[in-house]
Each structure stands twice: as structure tokens, then as C-alpha cells.
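These notes are about the structure you will find just below.
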Amino acid sequence: MVKVVNKGLKVEILPDETKKQVLNQNIGNARFIWNNILARYNYIYMLFCFYGYSLNPNINNLNAILKMLKQEHAFLREGESTSQQQVFRDLNNAFTRFFKGKSAYPKFKSKKNPKQSFRIQKNGNNIRITNRRIRLAKIGFVHYRTSKNIANY
């Protein structure tokens, strides 16, 4: 019997100028979606609290808000879709942790924060690693650097 182990891989990517613009667009989209969904949810949450009801977000509600955002803002359709879906999964996880008392209420994301990132889910063959380059969906091939012990991927 063969044991399969899934691993995450952290790499430093070395994009050229055109890829930097696309990456910054995806980072901005992720921040925009997080802040917009959080603002809309805050408003609804306050209404429910005012009238004495409890409101726990679920993945379906947040997904519906994401679909509405894509209809309202055309630039979101140009970005990588799995990273946008990952944003509302992360936000749902943040709310779940808050309601269980494990963390503080989710905060808005800032452009001034030194850690600017987005996450891409691997679906099928949308991420490929070949010859010191990694291919990302809607971004293209980007050179990368990683530690020597995992450089043979």
C-alpha cells in the first residue's frame, strides 16, 4: 500500500514587471473582497443584534455576496477565481473562530500592512512547477526560489 502525503510549498516568486502588476491586482482583489464582505456582514450583524437575534455566517451566504460583488465590479472577473473563493473561506473561518471564542472579531485589511498576500487553490492542473518556473492560473509562468532541500520539485 502506498501512502500519499499532501504538502504545502512556500516559495519566493521572482516576477517580472508585467507579472507584478497582475499579482498586485490579485492582492488588491483579495483585500477588496475581504473588506467589502466584512463591511456588509457588519451591517447585517448590527441589525440582527439590535433586534435581539443571533447571526452566524455560513459559506453559502458569503459565496452569494461574492457573486454579487463580481456582478457589481467587473475588475473582479479578471482576477484568479480560486483566490477570491479562498478569501471568503478564510473570512468564514475567522467568524467561526470568533463565535467559538477562539479569536477576536475579524478586522479590515489594510494596504499599509507589510504582509500583502493571496492564496491560490490547486484545482486539477492550474498550478504546475517546471524547470525553476511555476505556472499560476491567469498569471502565467513565474520564476521562483525555494530552499535547497525541496528544490527538486
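Ordered as shown in the C-alpha cells, chains take letters A, B, and onward, while each chain numbers its residues from 1 and ligands are numbered from 1 in the order shown.
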
Residues of stretch 7-142 of chain A in strand (DSSP E), written as a PyMOL selection string = chain A and resi 12-14+128-130+133-136+140-142

List as a PDB file with C-alpha atoms, in the first residue's frame the protein and nucleic acid residues near stretch 55-62 of chain A, meaning an atom at most 9 Å away when only C-alpha atoms are counted, but skip any in the same chain fewer than 3 places from it.
ATOM      1  CA  ILE A  37     -17.850  41.284   2.612  1.00  0.00           C
ATOM      2  CA  TYR A  41     -21.698  41.473   7.204  1.00  0.00           C
ATOM      3  CA  ILE A  44     -26.315  42.879   8.881  1.00  0.00           C
ATOM      4  CA  TYR A  45     -24.797  41.677  12.167  1.00  0.00           C
ATOM      5  CA  PHE A  48     -29.641  41.362  13.999  1.00  0.00           C
ATOM      6  CA  CYS A  49     -28.040  42.300  17.333  1.00  0.00           C
ATOM      7  CA  ILE A  65     -22.099  38.069  -1.567  1.00  0.00           C
ATOM      8  CA  LEU A  66     -19.035  37.229  -3.688  1.00  0.00           C
ATOM      9  CA  LYS A  67     -21.261  36.573  -6.706  1.00  0.00           C
ATOM     10  CA  PHE A  88     -14.490  34.131   1.816  1.00  0.00           C
ATOM     11  CA  ARG A  89     -13.451  30.706   3.161  1.00  0.00           C
ATOM     12  CA  LEU A  91     -13.415  35.056   6.407  1.00  0.00           C
ATOM     13  CA  ASN A  92     -15.889  32.304   7.263  1.00  0.00           C
ATOM     14  CA  PHE A  95     -16.072  34.315  12.013  1.00  0.00           C
ATOM     15  CA  THR A  96     -16.335  30.689  13.157  1.00  0.00           C
ATOM     16  CA  PHE A  99     -18.144  32.851  17.629  1.00  0.00           C
TER      17      PHE A  99
END

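Among A:Phe118, A:Gly28, A:Arg133, A:Asn63, the residue with the shortest atom-to-atom distance to A:Thr146, counting only C-alpha atoms, is A:Arg133.
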
Find the residues around A:Ser117 up to 12 Å (only C-alpha atoms counted), leave out those fewer than 4 positions away in its own chain, and share them as an MDAnalysis selection string.
-> chainID A and resid 12 23:31 83:84 86:87 109:111 113

Excluding same-chain residues fewer than 3 positions from stretch 2-11 of chain A, what lies within 9 Å of it counting only C-alpha atoms, as number ranges by chain?
-> A: 144-147, 150

Please produce a file of the residues just selected, as a short mmCIF file (atom, residue, chain, number, x, y, z; two decimals), in the first residue's frame, where the atoms kept are C-alpha atoms.
data_model
loop_
_atom_site.label_atom_id
_atom_site.label_comp_id
_atom_site.auth_asym_id
_atom_site.auth_seq_id
_atom_site.Cartn_x
_atom_site.Cartn_y
_atom_site.Cartn_z
CA TYR A 144 10.73 31.11 -8.14
CA ARG A 145 13.27 30.36 -5.44
CA THR A 146 12.97 27.91 -2.56
CA SER A 147 15.18 26.13 -0.06
CA ILE A 150 12.88 20.94 -1.66
#

Have a look at A:Ile33, A:Ile13, A:Leu47, A:Ile129 and name the one nearest to A:Glu72; count only C-alpha atoms.
->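 Ranking A:Ile33, A:Ile13, A:Leu47, A:Ile129 by distance to A:Glu72, first place goes to A:Ile33.
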
Need the shell around stretch 120-126 of chain A: protein/DNA/RNA residues with any atom at most 8 Å away, counting only C-alpha atoms. Skip same-chain ones fewer than 4 positions apart. Format as a PDB file with N, CA and C atoms, in the first residue's frame?
ATOM      1  N   GLU A  80      -7.867  35.919 -10.454  1.00  0.00           N
ATOM      2  CA  GLU A  80      -7.857  34.479 -10.281  1.00  0.00           C
ATOM      3  C   GLU A  80      -9.002  34.083  -9.356  1.00  0.00           C
ATOM      4  N   THR A  82     -10.010  31.172  -7.805  1.00  0.00           N
ATOM      5  CA  THR A  82      -9.866  30.365  -6.590  1.00  0.00           C
ATOM      6  C   THR A  82      -9.308  31.188  -5.435  1.00  0.00           C
ATOM      7  N   SER A  83      -8.517  32.217  -5.752  1.00  0.00           N
ATOM      8  CA  SER A  83      -8.013  33.074  -4.679  1.00  0.00           C
ATOM      9  C   SER A  83      -9.148  33.900  -4.083  1.00  0.00           C
ATOM     10  N   GLN A  86     -11.084  31.628  -1.869  1.00  0.00           N
ATOM     11  CA  GLN A  86     -10.333  31.368  -0.645  1.00  0.00           C
ATOM     12  C   GLN A  86     -10.520  32.502   0.353  1.00  0.00           C
ATOM     13  N   ARG A 135       3.804  27.768 -12.950  1.00  0.00           N
ATOM     14  CA  ARG A 135       2.719  28.324 -13.765  1.00  0.00           C
ATOM     15  C   ARG A 135       1.499  28.484 -12.880  1.00  0.00           C
ATOM     16  N   LEU A 136       1.003  29.706 -12.778  1.00  0.00           N
ATOM     17  CA  LEU A 136      -0.178  30.028 -11.987  1.00  0.00           C
ATOM     18  C   LEU A 136      -1.309  30.421 -12.917  1.00  0.00           C
ATOM     19  N   ALA A 137      -2.510  29.990 -12.590  1.00  0.00           N
ATOM     20  CA  ALA A 137      -3.670  30.290 -13.426  1.00  0.00           C
ATOM     21  C   ALA A 137      -3.868  31.800 -13.550  1.00  0.00           C
TER      22      ALA A 137
END

All helix (DSSP H, G or I) residues (DSSP, backbone) inside chain A, as a PyMOL selection string = chain A and resi 17-50+59-72+74-78+81-99+148-150

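If you count only C-alpha atoms and ignore residues fewer than 6 places along the chain from A:Phe108, what sits within 9 Å of it is A:Arg31, A:Trp34, A:Asn35, A:Asn36, A:Leu38, A:Ala39.
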
Please measure the separation of atom CA of A:Arg119 and atom CA of A:Tyr105, giving the value in Å to one decimal.
->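 Separation between atom CA of A:Arg119 and atom CA of A:Tyr105: 21.5 Å.
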